[in-house]
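**Student:** Below you will find the structure I want to go over with you.
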Amino acid sequence: GGLASTFYGSLGGTVMVTAGASNSVSADVSGNGGDVLVAGGYAAGAVGGSIQLLSGFSSATSSGDVEVLTADSGATGVSGEISVSTGFSTLRNSGGISLSTGASYSAKSGSFNLSVGTADIEAGGFLLTAGDALSYYGLGGSIAMLAGDAEAGFGGAVNVSSGTGMYSGLMSLTTEAATKDSGDMSLSVGVGADVGGKIELTAGTS
């Protein structure tokens with residue numbers, strides 16, 4: 001294990017791991033900078049080792065941040081991608097991915113934001129896709145979007161809208177075609193002890 005030194009009244013030390021630089025002007029792989037690889041340990045008969053990234057704890061104020069980002073691109077390239085995926089499994093379920101913010105017992109819990117960067121010409125899209133089932137009687141994955149519950153207040157809202165501009169974006173809600181029965185579509189409001197909700201469909205004015 002490593003040694004950690006503590007000095008009261010000063011900043012904690014920084015650990016920096018940097019791969020080797022390449023001064024070659026070649027555009028092929030021979031001019032690439034070095035990679036950094038962090039891997040958990042191999043296990044022949046049990047569970048392989050894990051990797052944890054944990055920010056620092058503070059007994060007085062906020063804990064530290066964890067940032068994962070790629071560097072800006074050069075004059076003629078593109079910035080690097082970030083890929084998060086779980087491994088393949090042959091006989092059992094593959095691993096899941098869980099992204100969540102922590103709970104708060106006396107204030108607001110943290111927000112969760114997924115956004116696409118801006119662009120001068122065409123901004124990137126956002127695609128949310130459930131898994132396909134390859135067997136004959138398989139069941140494709142579902143997508144559920146649920147707002148938060150409130151024990152004694154107001155439940156969270158769900159807002160879906162297209163973008164604005166000189167021409168606002170289109171919105172389409174459909175079920176896919178099928179070789180046998182296509183899927184149903186249901187639009188309903190919940191039951192209320194006092195007043196049930198209403199459904200309003202309004203065309204735009206010009």
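We name chains A, B, ... following the order of the structure tokens; residues begin at 1 in each chain, and ligands are numbered from 1 as shown.
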List the spatial neighbours of Gly34 in chain A as an mmCIF file with C-alpha atoms, in the first residue's frame - criterion: any atom at most 7 Å away, only C-alpha atoms, same-chain residues fewer than 6 positions off excluded.

**Tutor:**
```cif
data_model
loop_
_atom_site.group_PDB
_atom_site.id
_atom_site.type_symbol
_atom_site.label_atom_id
_atom_site.label_comp_id
_atom_site.auth_asym_id
_atom_site.auth_seq_id
_atom_site.Cartn_x
_atom_site.Cartn_y
_atom_site.Cartn_z
ATOM 1 C CA ALA A 19 1.123 8.748 -19.880
ATOM 2 C CA GLY A 20 4.085 9.544 -22.083
ATOM 3 C CA ALA A 21 3.916 12.352 -24.630
#
```

**Student:** Do you know which residues are at most 12 Å from Val189 in chain A counting only C-alpha atoms, after dropping those on the same chain fewer than 4 positions away, and could you put them as an MDAnalysis selection string?

**Tutor:** chainID A and resid 195:200

**Student:** Considering only C-alpha atoms, can you say which of A:Asn23, A:Thr61, A:Ser73, A:Ser98 comes closest to Ser85 in chain A?

**Tutor:** A:Ser98

**Student:** Go through A:Leu53, A:Leu127, A:Ile121, A:Met145 and flag the residue nearest Val66 in chain A, using only C-alpha atoms for the distances.

**Tutor:**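 Using only C-alpha atoms, Val66 in chain A sits closest to A:Leu53.
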
**Student:** What is the CA of Ser83 in chain A-CA of Asn159 in chain A distance in Å, reported with one decimal?

**Tutor:**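 Answer for the CA of Ser83 in chain A to CA of Asn159 in chain A separation: 28.2 Å.
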
**Student:** Show which residues sit within 8 Å of Thr86 in chain A, as an NGL selection string. Count only C-alpha atoms, and ignore same-chain residues fewer than 3 positions away.

**Tutor:** :A and (94-97)

**Student:** Write the selection just made, keeping N, CA and C atoms, as a compact mmCIF listing (two decimals), in the first residue's frame?

**Tutor:**
```txt
# COMPACT_ATOMS: atom_id res chain seq x y z
N SER A 94 -25.92 -9.99 -18.42
CA SER A 94 -24.80 -9.05 -18.46
C SER A 94 -25.02 -7.99 -17.39
N GLY A 95 -23.96 -7.28 -17.06
CA GLY A 95 -24.05 -6.28 -16.00
C GLY A 95 -24.85 -5.06 -16.41
N GLY A 96 -25.44 -4.41 -15.44
CA GLY A 96 -26.19 -3.19 -15.69
C GLY A 96 -25.34 -1.95 -15.46
N ILE A 97 -25.89 -0.81 -15.83
CA ILE A 97 -25.27 0.49 -15.58
C ILE A 97 -26.23 1.32 -14.74
```

**Student:** Need the shell around Ser79 in chain A: protein/DNA/RNA residues with any atom at most 12 Å away, counting only C-alpha atoms. Skip same-chain ones fewer than 5 positions apart. Format as an mmCIF file with N, CA, C and O atoms, in the first residue's frame?

**Tutor:**
```
data_model
loop_
_atom_site.group_PDB
_atom_site.id
_atom_site.type_symbol
_atom_site.label_atom_id
_atom_site.label_comp_id
_atom_site.auth_asym_id
_atom_site.auth_seq_id
_atom_site.Cartn_x
_atom_site.Cartn_y
_atom_site.Cartn_z
ATOM 1 N N LEU A 69 -13.621 13.453 -18.469
ATOM 2 C CA LEU A 69 -13.750 14.280 -19.671
ATOM 3 C C LEU A 69 -12.615 14.004 -20.627
ATOM 4 O O LEU A 69 -11.582 13.456 -20.246
ATOM 5 N N THR A 70 -12.830 14.344 -21.884
ATOM 6 C CA THR A 70 -11.783 14.224 -22.887
ATOM 7 C C THR A 70 -11.221 15.617 -23.184
ATOM 8 O O THR A 70 -11.886 16.628 -22.963
ATOM 9 N N ALA A 71 -10.018 15.650 -23.703
ATOM 10 C CA ALA A 71 -9.383 16.918 -24.023
ATOM 11 C C ALA A 71 -9.963 17.514 -25.302
ATOM 12 O O ALA A 71 -10.573 16.816 -26.119
ATOM 13 N N ASP A 72 -9.792 18.816 -25.467
ATOM 14 C CA ASP A 72 -10.200 19.475 -26.700
ATOM 15 C C ASP A 72 -9.393 18.924 -27.867
ATOM 16 O O ASP A 72 -8.274 18.434 -27.712
ATOM 17 N N SER A 73 -9.967 19.036 -29.062
ATOM 18 C CA SER A 73 -9.285 18.547 -30.252
ATOM 19 C C SER A 73 -8.289 19.577 -30.767
ATOM 20 O O SER A 73 -8.321 20.752 -30.377
ATOM 21 N N GLY A 74 -7.419 19.109 -31.660
ATOM 22 C CA GLY A 74 -6.519 20.019 -32.348
ATOM 23 C C GLY A 74 -7.221 20.704 -33.504
ATOM 24 O O GLY A 74 -8.451 20.654 -33.639
#
```
